[in-house]
>>> print(open('query_30.cif').read())   # mmCIF, C-alpha atoms
data_coords
#
loop_
_atom_site.group_PDB
_atom_site.id
_atom_site.type_symbol
_atom_site.label_atom_id
_atom_site.label_comp_id
_atom_site.auth_asym_id
_atom_site.auth_seq_id
_atom_site.Cartn_x
_atom_site.Cartn_y
_atom_site.Cartn_z
ATOM 1 C CA MET A 289 77.997 151.615 -19.649
ATOM 2 C CA ILE A 290 77.812 154.825 -17.656
ATOM 3 C CA ASN A 291 75.722 157.941 -18.302
ATOM 4 C CA VAL A 292 77.589 161.217 -18.003
ATOM 5 C CA LEU A 293 76.913 164.940 -17.834
ATOM 6 C CA VAL A 294 79.362 167.472 -19.288
ATOM 7 C CA ALA A 295 78.992 170.983 -17.839
ATOM 8 C CA ASP A 296 81.007 173.974 -19.090
ATOM 9 C CA ASP A 297 80.030 177.535 -19.949
ATOM 10 C CA GLU A 298 82.292 177.340 -23.026
ATOM 11 C CA LEU A 299 80.193 175.468 -25.594
ATOM 12 C CA PRO A 300 83.169 174.425 -27.798
ATOM 13 C CA ALA A 301 84.691 172.763 -24.721
ATOM 14 C CA VAL A 302 81.413 170.902 -24.092
ATOM 15 C CA ALA A 303 81.306 169.754 -27.710
ATOM 16 C CA GLU A 304 84.944 168.614 -27.740
ATOM 17 C CA LEU A 305 84.715 166.629 -24.514
ATOM 18 C CA SER A 306 81.374 165.116 -25.546
ATOM 19 C CA PHE A 307 82.934 164.041 -28.851
ATOM 20 C CA LEU A 308 85.846 162.315 -27.091
ATOM 21 C CA LEU A 309 83.537 160.606 -24.604
ATOM 22 C CA GLY A 310 81.232 159.468 -27.418
ATOM 23 C CA LYS A 311 84.089 157.486 -28.972
ATOM 24 C CA ASP A 312 84.441 155.390 -25.801
ATOM 25 C CA GLY A 313 82.273 152.270 -25.806
ATOM 26 C CA ARG A 314 81.989 152.383 -22.007
ATOM 27 C CA ILE A 315 80.000 155.628 -22.166
ATOM 28 C CA GLY A 316 76.208 155.530 -22.510
ATOM 29 C CA GLN A 317 74.148 158.719 -22.675
ATOM 30 C CA ILE A 318 75.970 162.052 -22.756
ATOM 31 C CA HIS A 319 74.061 165.054 -21.365
ATOM 32 C CA ARG A 320 75.308 168.615 -21.904
ATOM 33 C CA ALA A 321 74.926 171.762 -19.824
ATOM 34 C CA GLY A 322 76.203 175.289 -20.410
ATOM 35 C CA SER A 323 75.898 176.438 -16.787
ATOM 36 C CA GLY A 324 75.852 175.151 -13.247
ATOM 37 C CA ARG A 325 72.113 175.670 -12.871
ATOM 38 C CA ALA A 326 71.429 173.798 -16.106
ATOM 39 C CA ALA A 327 73.574 170.937 -14.801
ATOM 40 C CA LEU A 328 71.564 170.728 -11.567
ATOM 41 C CA ALA A 329 68.322 170.698 -13.569
ATOM 42 C CA ILE A 330 69.536 167.745 -15.641
ATOM 43 C CA LEU A 331 70.581 165.927 -12.487
ATOM 44 C CA GLU A 332 67.024 166.232 -11.185
ATOM 45 C CA GLN A 333 65.558 164.718 -14.358
ATOM 46 C CA SER A 334 68.046 162.046 -15.465
ATOM 47 C CA ARG A 335 70.113 159.210 -14.046
ATOM 48 C CA ILE A 336 73.703 160.413 -14.167
ATOM 49 C CA ASP A 337 76.620 158.219 -13.132
ATOM 50 C CA ALA A 338 79.408 160.768 -13.554
ATOM 51 C CA LEU A 339 79.801 164.544 -13.908
ATOM 52 C CA PHE A 340 82.535 166.236 -15.943
ATOM 53 C CA LEU A 341 82.548 169.745 -14.460
ATOM 54 C CA ASP A 342 84.361 172.907 -15.404
ATOM 55 C CA ILE A 343 85.394 174.690 -12.211
ATOM 56 C CA HIS A 344 84.851 178.306 -13.247
ATOM 57 C CA MET A 345 81.281 178.819 -14.470
ATOM 58 C CA PRO A 346 79.045 181.869 -13.919
ATOM 59 C CA GLY A 347 76.371 181.465 -11.276
ATOM 60 C CA LEU A 348 77.204 178.079 -9.771
ATOM 61 C CA SER A 349 80.818 176.944 -10.068
ATOM 62 C CA GLY A 350 81.825 173.338 -10.522
ATOM 63 C CA LEU A 351 83.089 173.247 -6.924
ATOM 64 C CA GLU A 352 79.708 174.485 -5.662
ATOM 65 C CA ILE A 353 77.870 171.853 -7.694
ATOM 66 C CA ALA A 354 80.106 169.097 -6.307
ATOM 67 C CA HIS A 355 79.543 170.346 -2.765
ATOM 68 C CA ALA A 356 75.776 170.386 -3.311
ATOM 69 C CA ILE A 357 75.494 166.867 -4.706
ATOM 70 C CA ASN A 358 77.770 165.377 -2.039
ATOM 71 C CA ALA A 359 74.931 165.929 0.442
ATOM 72 C CA ARG A 360 72.704 163.578 -1.579
ATOM 73 C CA PRO A 361 72.526 159.825 -1.084
ATOM 74 C CA ASN A 362 74.562 157.946 -3.705
ATOM 75 C CA PRO A 363 75.826 161.044 -5.557
ATOM 76 C CA PRO A 364 77.327 160.646 -9.048
ATOM 77 C CA ALA A 365 81.097 160.565 -9.417
ATOM 78 C CA VAL A 366 82.746 163.919 -10.135
ATOM 79 C CA VAL A 367 85.598 164.693 -12.526
ATOM 80 C CA PHE A 368 86.805 168.271 -12.796
ATOM 81 C CA VAL A 369 87.905 169.483 -16.235
ATOM 82 C CA THR A 370 89.637 172.855 -16.103
ATOM 83 C CA ALA A 371 92.550 174.993 -17.227
ATOM 84 C CA ASP A 372 93.158 175.973 -13.586
ATOM 85 C CA GLU A 373 95.891 173.956 -11.859
ATOM 86 C CA ASP A 374 95.400 175.683 -8.501
ATOM 87 C CA CYS A 375 92.128 174.075 -7.377
ATOM 88 C CA ALA A 376 93.275 170.449 -7.207
ATOM 89 C CA LEU A 377 93.356 170.344 -3.406
ATOM 90 C CA GLN A 378 89.798 171.718 -3.146
ATOM 91 C CA ALA A 379 88.681 169.233 -5.781
ATOM 92 C CA PHE A 380 90.013 166.200 -3.923
ATOM 93 C CA GLU A 381 88.615 167.463 -0.633
ATOM 94 C CA LEU A 382 85.253 167.089 -2.411
ATOM 95 C CA ALA A 383 86.144 163.448 -3.215
ATOM 96 C CA ALA A 384 86.637 164.060 -6.936
ATOM 97 C CA VAL A 385 87.571 160.952 -8.900
ATOM 98 C CA ASP A 386 89.971 162.861 -11.142
ATOM 99 C CA TYR A 387 91.206 166.317 -12.154
ATOM 100 C CA LEU A 388 91.773 166.811 -15.888
ATOM 101 C CA LEU A 389 93.597 169.786 -17.315
ATOM 102 C CA LYS A 390 92.521 171.344 -20.600
ATOM 103 C CA PRO A 391 93.130 170.538 -23.371
ATOM 104 C CA VAL A 392 92.091 167.000 -22.454
ATOM 105 C CA ARG A 393 94.131 164.235 -24.077
ATOM 106 C CA ALA A 394 92.222 161.198 -25.339
ATOM 107 C CA GLU A 395 94.463 158.670 -23.572
ATOM 108 C CA ARG A 396 94.213 160.561 -20.274
ATOM 109 C CA LEU A 397 90.428 160.702 -20.599
ATOM 110 C CA ALA A 398 90.299 156.957 -21.316
ATOM 111 C CA ALA A 399 92.104 156.276 -18.027
ATOM 112 C CA THR A 400 89.557 158.426 -16.197
ATOM 113 C CA VAL A 401 86.650 156.575 -17.794
ATOM 114 C CA GLY A 402 88.270 153.338 -16.654
ATOM 115 C CA ARG A 403 88.245 154.562 -13.061
ATOM 116 C CA LEU A 404 84.619 155.628 -13.399
ATOM 117 C CA THR A 405 83.514 152.240 -14.732
ATOM 118 C CA GLU A 406 85.309 150.515 -11.854
ATOM 119 C CA LEU A 407 83.462 152.715 -9.386
ATOM 120 C CA ALA A 408 80.142 152.040 -11.112
ATOM 121 C CA ALA A 409 80.634 148.259 -10.971
ATOM 122 C CA PRO A 410 79.052 146.370 -8.046
ATOM 123 C CA ALA A 411 81.391 146.404 -5.087
ATOM 124 C CA PRO A 412 82.896 142.991 -4.268
ATOM 125 C CA GLU A 413 82.190 141.522 -0.867
ATOM 126 C CA GLY A 414 84.863 141.872 1.760
ATOM 127 C CA PRO A 415 86.871 144.749 3.233
ATOM 128 C CA GLU A 416 87.240 147.933 1.216
ATOM 129 C CA ALA A 417 90.564 148.492 -0.508
ATOM 130 C CA GLU A 418 92.934 150.914 1.177
ATOM 131 C CA MET A 419 93.262 154.245 -0.645
ATOM 132 C CA ILE A 420 96.573 156.077 -1.050
ATOM 133 C CA THR A 421 97.077 159.755 -1.792
ATOM 134 C CA VAL A 422 99.773 160.315 -4.431
ATOM 135 C CA GLU A 423 101.001 163.335 -6.369
ATOM 136 C CA LYS A 424 102.098 163.752 -9.968
ATOM 137 C CA GLY A 425 102.731 166.936 -11.893
ATOM 138 C CA GLY A 426 101.594 169.012 -8.924
ATOM 139 C CA THR A 427 98.211 167.242 -8.796
ATOM 140 C CA SER A 428 97.030 165.058 -5.907
ATOM 141 C CA ARG A 429 94.868 162.020 -6.548
ATOM 142 C CA LEU A 430 93.729 158.832 -4.842
ATOM 143 C CA ILE A 431 94.690 155.349 -5.985
ATOM 144 C CA ARG A 432 93.768 151.964 -4.530
ATOM 145 C CA LEU A 433 96.478 149.957 -2.800
ATOM 146 C CA ASP A 434 95.435 146.891 -4.804
ATOM 147 C CA GLU A 435 96.327 148.794 -8.013
ATOM 148 C CA VAL A 436 100.027 148.843 -6.994
ATOM 149 C CA ARG A 437 101.924 146.011 -8.695
ATOM 150 C CA TYR A 438 105.396 146.661 -7.340
ATOM 151 C CA VAL A 439 107.392 149.320 -5.525
ATOM 152 C CA GLN A 440 110.874 150.520 -6.401
ATOM 153 C CA ALA A 441 113.216 152.220 -3.924
ATOM 154 C CA GLN A 442 114.603 155.604 -4.978
ATOM 155 C CA GLY A 443 116.708 156.895 -2.085
ATOM 156 C CA ASP A 444 114.429 158.008 0.748
ATOM 157 C CA TYR A 445 111.498 157.806 -1.674
ATOM 158 C CA ALA A 446 109.591 154.923 -3.227
ATOM 159 C CA ARG A 447 108.012 154.696 -6.683
ATOM 160 C CA LEU A 448 104.654 152.919 -6.853
ATOM 161 C CA HIS A 449 104.059 151.162 -10.173
ATOM 162 C CA THR A 450 100.496 150.502 -11.372
ATOM 163 C CA ALA A 451 99.245 149.142 -14.693
ATOM 164 C CA HIS A 452 99.137 152.590 -16.319
ATOM 165 C CA ASP A 453 101.432 154.911 -14.360
ATOM 166 C CA SER A 454 103.936 155.324 -11.525
ATOM 167 C CA TYR A 455 103.967 157.683 -8.549
ATOM 168 C CA LEU A 456 106.766 158.858 -6.274
ATOM 169 C CA VAL A 457 105.967 158.936 -2.541
ATOM 170 C CA ARG A 458 108.147 160.271 0.261
ATOM 171 C CA VAL A 459 108.256 157.004 2.210
ATOM 172 C CA PRO A 460 111.237 154.603 2.483
ATOM 173 C CA LEU A 461 110.786 151.128 1.021
ATOM 174 C CA ALA A 462 111.424 149.523 4.427
ATOM 175 C CA ASP A 463 108.418 151.355 5.895
ATOM 176 C CA LEU A 464 106.135 150.170 3.092
ATOM 177 C CA GLU A 465 107.453 146.602 3.488
ATOM 178 C CA GLN A 466 106.154 146.508 7.070
ATOM 179 C CA ARG A 467 102.983 148.500 6.433
ATOM 180 C CA TRP A 468 101.816 146.497 3.389
ATOM 181 C CA ALA A 469 102.902 142.962 4.341
ATOM 182 C CA ALA A 470 99.319 142.003 5.231
ATOM 183 C CA ALA A 471 98.181 143.198 1.782
ATOM 184 C CA GLY A 472 100.401 140.626 0.021
ATOM 185 C CA PHE A 473 103.564 142.669 -0.577
ATOM 186 C CA LEU A 474 106.911 140.884 -0.274
ATOM 187 C CA ARG A 475 110.492 142.187 -0.369
ATOM 188 C CA ILE A 476 112.445 140.459 -3.159
ATOM 189 C CA HIS A 477 115.465 142.772 -3.357
ATOM 190 C CA ARG A 478 116.899 145.720 -1.478
ATOM 191 C CA SER A 479 115.300 147.928 -4.142
ATOM 192 C CA TYR A 480 112.017 146.110 -4.845
ATOM 193 C CA LEU A 481 108.796 145.169 -3.115
ATOM 194 C CA VAL A 482 106.191 143.210 -5.109
ATOM 195 C CA CYS A 483 102.493 142.490 -4.712
ATOM 196 C CA MET A 484 102.419 138.688 -4.941
ATOM 197 C CA PRO A 485 99.058 138.377 -6.814
ATOM 198 C CA PHE A 486 100.680 140.190 -9.773
ATOM 199 C CA VAL A 487 103.678 137.832 -10.011
ATOM 200 C CA SER A 488 103.529 135.870 -13.272
ATOM 201 C CA SER A 489 106.823 133.915 -13.271
ATOM 202 C CA LEU A 490 110.115 133.277 -11.477
ATOM 203 C CA LYS A 491 113.307 132.479 -13.400
ATOM 204 C CA LEU A 492 116.032 130.648 -11.485
ATOM 205 C CA GLY A 493 118.190 129.217 -14.291
ATOM 206 C CA ALA A 494 120.169 132.385 -15.034
ATOM 207 C CA ALA A 495 123.104 133.660 -12.996
ATOM 208 C CA ARG A 496 120.770 136.091 -11.284
ATOM 209 C CA PRO A 497 117.189 135.106 -10.437
ATOM 210 C CA THR A 498 114.456 137.371 -11.770
ATOM 211 C CA LEU A 499 110.742 137.695 -11.205
ATOM 212 C CA SER A 500 108.156 138.918 -13.733
ATOM 213 C CA VAL A 501 105.352 141.300 -12.841
ATOM 214 C CA ALA A 502 103.343 142.036 -16.005
ATOM 215 C CA ASP A 503 105.926 143.411 -18.487
ATOM 216 C CA ALA A 504 108.538 144.210 -15.829
ATOM 217 C CA GLU A 505 111.386 141.819 -15.002
ATOM 218 C CA LEU A 506 112.705 142.484 -11.510
ATOM 219 C CA PRO A 507 115.872 141.179 -9.811
ATOM 220 C CA VAL A 508 115.606 138.767 -6.884
ATOM 221 C CA SER A 509 118.413 138.793 -4.330
ATOM 222 C CA ARG A 510 119.795 135.539 -2.900
ATOM 223 C CA ARG A 511 118.957 136.834 0.557
ATOM 224 C CA HIS A 512 115.245 137.145 -0.209
ATOM 225 C CA LEU A 513 114.922 134.091 -2.478
ATOM 226 C CA PRO A 514 114.111 131.490 0.253
ATOM 227 C CA LEU A 515 111.102 133.434 1.558
ATOM 228 C CA LEU A 516 109.891 134.064 -1.995
ATOM 229 C CA ARG A 517 110.101 130.337 -2.784
ATOM 230 C CA GLU A 518 108.252 129.542 0.422
ATOM 231 C CA ARG A 519 105.479 131.985 -0.446
ATOM 232 C CA LEU A 520 105.130 130.590 -3.976
ATOM 233 C CA ALA A 521 105.138 126.991 -2.710
ATOM 234 C CA ALA A 522 102.258 127.806 -0.378
ATOM 235 C CA THR A 523 100.065 128.600 -3.385
ATOM 236 C CA LYS A 524 100.689 125.326 -5.253
ATOM 237 C CA VAL A 525 97.724 123.024 -5.807
ATOM 238 C CA ARG A 526 98.307 119.609 -4.228
ATOM 239 C CA PRO A 527 96.174 116.437 -4.081
ATOM 240 C CA GLN A 528 94.282 115.863 -0.874
ATOM 241 C CA PRO A 529 95.855 113.303 1.486
#
>>> encode(input="query_30.cif", output="structure tokens")
Amino acid sequence: MINVLVADDELPAVAELSFLLGKDGRIGQIHRAGSGRAALAILEQSRIDALFLDIHMPGLSGLEIAHAINARPNPPAVVFVTADEDCALQAFELAAVDYLLKPVRAERLAATVGRLTELAAPAPEGPEAEMITVEKGGTSRLIRLDEVRYVQAQGDYARLHTAHDSYLVRVPLADLEQRWAAAGFLRIHRSYLVCMPFVSSLKLGAARPTLSVADAELPVSRRHLPLLRERLAATKVRPQP
């Protein structure tokens, strides 16, 4: 469970967001602040894992608060909650986890809380996951490469599919095939690139082979089938000689 602080000079907005957060079992204590200075005071007194900040507040703005806490060791995660669509770039330059537009939808907030709980979990040993900047609805955000399940070609663009969403990037599929090969991505069709750890099954009996990634069934071309079979065979458990 994570402890959060909701800061907004509009008290109804604080109450509404606190209510939505309180319905999520992953949320622990919810602190409230009606100004930037009040938020900083709470941060000095309590353990806060994540901040939900309005951008435009009298005195100290949400952007100023984020800038101030970034200078601290192990700062809490920051999520901006605002009606202003024009500050997204500034927000992500301050390493914000997310940028929510008012009115906040419950399902969108749940996805944000999921990202916060992942960040709060102990980091696994090994190299850090590569981060990718994507855009959707005019908003930039960061996603982890290991969240991408498969990639679909769309002309000179590619659509990255994750568990909860998809994002269009201005990069050809062939470029991503070379760039992400070491991360476990394999070309299975002229239009598809898959992350092998997410593959759940391969069907060869039908006229056209298909491969399942979660709920998606993707075509496999005859040209790419031998390498796919080879990769799957390498993961089979065999008795020791």
>>> closest_residue(input="query_30.cif", among="A:Ile318, A:Ala399, A:Ala451, A:Ala470", to="Phe486 (chain A)", atoms="all atoms listed in the file")
A:Ala451
>>> resolve_selection(input="query_30.cif", expression="the PyMOL selection byres ((chain A and resi 397) around 10)", output="PyMOL selection string")
chain A and resi 305+308-309+312+386+388+392-396+398-403
>>> residues_around(input="query_30.cif", residues="Met484 (chain A)", least_positions_apart="5", cutoff="12 Å", atoms="all atoms listed in the file", output="compact mmCIF listing (two decimals) with C-alpha atoms, keeping the file's coordinate frame")
# COMPACT_ATOMS: atom_id res chain seq x y z
CA ASP A 434 95.44 146.89 -4.80
CA VAL A 436 100.03 148.84 -6.99
CA ARG A 437 101.92 146.01 -8.70
CA TYR A 438 105.40 146.66 -7.34
CA VAL A 439 107.39 149.32 -5.52
CA TRP A 468 101.82 146.50 3.39
CA ALA A 469 102.90 142.96 4.34
CA ALA A 470 99.32 142.00 5.23
CA ALA A 471 98.18 143.20 1.78
CA GLY A 472 100.40 140.63 0.02
CA PHE A 473 103.56 142.67 -0.58
CA LEU A 474 106.91 140.88 -0.27
CA ARG A 475 110.49 142.19 -0.37
CA ILE A 476 112.44 140.46 -3.16
CA SER A 489 106.82 133.92 -13.27
CA LEU A 490 110.12 133.28 -11.48
CA LEU A 499 110.74 137.70 -11.20
CA SER A 500 108.16 138.92 -13.73
CA VAL A 501 105.35 141.30 -12.84
CA ALA A 502 103.34 142.04 -16.00
CA LEU A 516 109.89 134.06 -2.00
CA ARG A 517 110.10 130.34 -2.78
CA ARG A 519 105.48 131.99 -0.45
CA LEU A 520 105.13 130.59 -3.98
CA ALA A 522 102.26 127.81 -0.38
CA THR A 523 100.06 128.60 -3.38
>>> resolve_selection(input="query_30.cif", expression="the PyMOL selection byres ((chain A and resi 480) around 12)", output="MDAnalysis selection string")
chainID A and resid 437:442 446:449 460:462 464:465 473:479 481:483 498:499 501 504:509 512
>>> residues_around(input="query_30.cif", residues="Ala338 (chain A)", least_positions_apart="4", cutoff="7 Å", atoms="only C-alpha atoms", output="PDB file with C-alpha atoms, keeping the file's coordinate frame")
ATOM      1  CA  ASN A 291      75.722 157.941 -18.302  1.00  0.00           C
ATOM      2  CA  VAL A 292      77.589 161.217 -18.003  1.00  0.00           C
ATOM      3  CA  LEU A 293      76.913 164.940 -17.834  1.00  0.00           C
ATOM      4  CA  PRO A 364      77.327 160.646  -9.048  1.00  0.00           C
ATOM      5  CA  ALA A 365      81.097 160.565  -9.417  1.00  0.00           C
ATOM      6  CA  VAL A 366      82.746 163.919 -10.135  1.00  0.00           C
TER       7      VAL A 366
END
>>> residues_near_point(input="query_30.cif", point="(74.6, 171.6, -16.2)", cutoff="12 Å", atoms="all atoms listed in the file", output="JSON, numbers by chain")
{"A": [292, 293, 294, 295, 296, 297, 298, 299, 302, 318, 319, 320, 321, 322, 323, 324, 325, 326, 327, 328, 329, 330, 331, 332, 333, 334, 336, 339, 340, 341, 342, 343, 345, 346, 347, 348, 349, 350, 353, 354]}
>>> atom_distance(input="query_30.cif", atom1="CA of Tyr455 (chain A)", atom2="CA of Glu423 (chain A)")
6.7 Å
>>> residues_near_point(input="query_30.cif", point="(93.2, 171.4, -14.9)", cutoff="12 Å", atoms="only C-alpha atoms", output="ChimeraX atom specification")
/A:340-344,367-377,379,386-393,425-428
>>> closest_residue(input="query_30.cif", among="A:Glu304, A:Asp444, A:Asp453, A:Glu406", to="Lys424 (chain A)", atoms="all atoms listed in the file")
A:Asp453
>>> atom_distance(input="query_30.cif", atom1="CA of Leu407 (chain A)", atom2="CA of Ile290 (chain A)")
10.2 Å
>>> closest_residue(input="query_30.cif", among="A:Leu513, A:Met289, A:Ala383, A:Ala303", to="Lys491 (chain A)", atoms="only C-alpha atoms")
A:Leu513
>>> build_atoms(input="query_30.cif", residues="region 300-320 of chain A", atoms="N, CA, C and O atoms", output="short mmCIF file (atom, residue, chain, number, x, y, z; two decimals), in the frame of the given file")
data_model
loop_
_atom_site.label_atom_id
_atom_site.label_comp_id
_atom_site.auth_asym_id
_atom_site.auth_seq_id
_atom_site.Cartn_x
_atom_site.Cartn_y
_atom_site.Cartn_z
N PRO A 300 82.21 175.26 -27.05
CA PRO A 300 83.17 174.42 -27.80
C PRO A 300 83.84 173.38 -26.91
O PRO A 300 84.11 172.27 -27.37
N ALA A 301 84.08 173.73 -25.65
CA ALA A 301 84.69 172.76 -24.72
C ALA A 301 83.73 171.62 -24.44
O ALA A 301 84.13 170.45 -24.35
N VAL A 302 82.43 171.94 -24.30
CA VAL A 302 81.41 170.90 -24.09
C VAL A 302 81.37 169.97 -25.30
O VAL A 302 81.33 168.74 -25.16
N ALA A 303 81.38 170.55 -26.48
CA ALA A 303 81.31 169.75 -27.71
C ALA A 303 82.53 168.86 -27.87
O ALA A 303 82.41 167.68 -28.24
N GLU A 304 83.71 169.39 -27.59
CA GLU A 304 84.94 168.61 -27.74
C GLU A 304 84.99 167.44 -26.77
O GLU A 304 85.28 166.31 -27.15
N LEU A 305 84.68 167.70 -25.50
CA LEU A 305 84.72 166.63 -24.51
C LEU A 305 83.62 165.59 -24.79
O LEU A 305 83.85 164.39 -24.66
N SER A 306 82.46 166.05 -25.21
CA SER A 306 81.37 165.12 -25.55
C SER A 306 81.77 164.23 -26.73
O SER A 306 81.45 163.03 -26.76
N PHE A 307 82.46 164.81 -27.69
CA PHE A 307 82.93 164.04 -28.85
C PHE A 307 83.90 162.94 -28.42
O PHE A 307 83.78 161.77 -28.84
N LEU A 308 84.87 163.30 -27.56
CA LEU A 308 85.85 162.32 -27.09
C LEU A 308 85.17 161.21 -26.28
O LEU A 308 85.47 160.03 -26.44
N LEU A 309 84.24 161.60 -25.41
CA LEU A 309 83.54 160.61 -24.60
C LEU A 309 82.68 159.69 -25.48
O LEU A 309 82.55 158.49 -25.21
N GLY A 310 82.09 160.25 -26.54
CA GLY A 310 81.23 159.47 -27.42
C GLY A 310 81.97 158.38 -28.17
O GLY A 310 81.36 157.43 -28.65
N LYS A 311 83.29 158.49 -28.28
CA LYS A 311 84.09 157.49 -28.97
C LYS A 311 84.43 156.31 -28.06
O LYS A 311 85.00 155.32 -28.51
N ASP A 312 84.12 156.43 -26.77
CA ASP A 312 84.44 155.39 -25.80
C ASP A 312 83.23 154.48 -25.61
O ASP A 312 82.15 154.94 -25.21
N GLY A 313 83.38 153.21 -25.89
CA GLY A 313 82.27 152.27 -25.81
C GLY A 313 81.74 152.06 -24.41
O GLY A 313 80.67 151.47 -24.24
N ARG A 314 82.46 152.53 -23.38
CA ARG A 314 81.99 152.38 -22.01
C ARG A 314 81.02 153.48 -21.60
O ARG A 314 80.42 153.42 -20.53
N ILE A 315 80.87 154.49 -22.45
CA ILE A 315 80.00 155.63 -22.17
C ILE A 315 78.63 155.41 -22.80
O ILE A 315 78.52 155.05 -23.97
N GLY A 316 77.57 155.63 -22.01
CA GLY A 316 76.21 155.53 -22.51
C GLY A 316 75.71 156.88 -22.98
O GLY A 316 76.25 157.48 -23.91
N GLN A 317 74.69 157.41 -22.31
CA GLN A 317 74.15 158.72 -22.68
C GLN A 317 75.08 159.84 -22.23
O GLN A 317 75.68 159.78 -21.16
N ILE A 318 75.16 160.87 -23.08
CA ILE A 318 75.97 162.05 -22.76
C ILE A 318 75.04 163.26 -22.71
O ILE A 318 74.45 163.65 -23.73
N HIS A 319 74.88 163.85 -21.53
CA HIS A 319 74.06 165.05 -21.36
C HIS A 319 74.99 166.27 -21.34
O HIS A 319 76.12 166.18 -20.88
N ARG A 320 74.48 167.40 -21.82
CA ARG A 320 75.31 168.62 -21.90
C ARG A 320 74.63 169.76 -21.16
O ARG A 320 73.40 169.89 -21.18
#
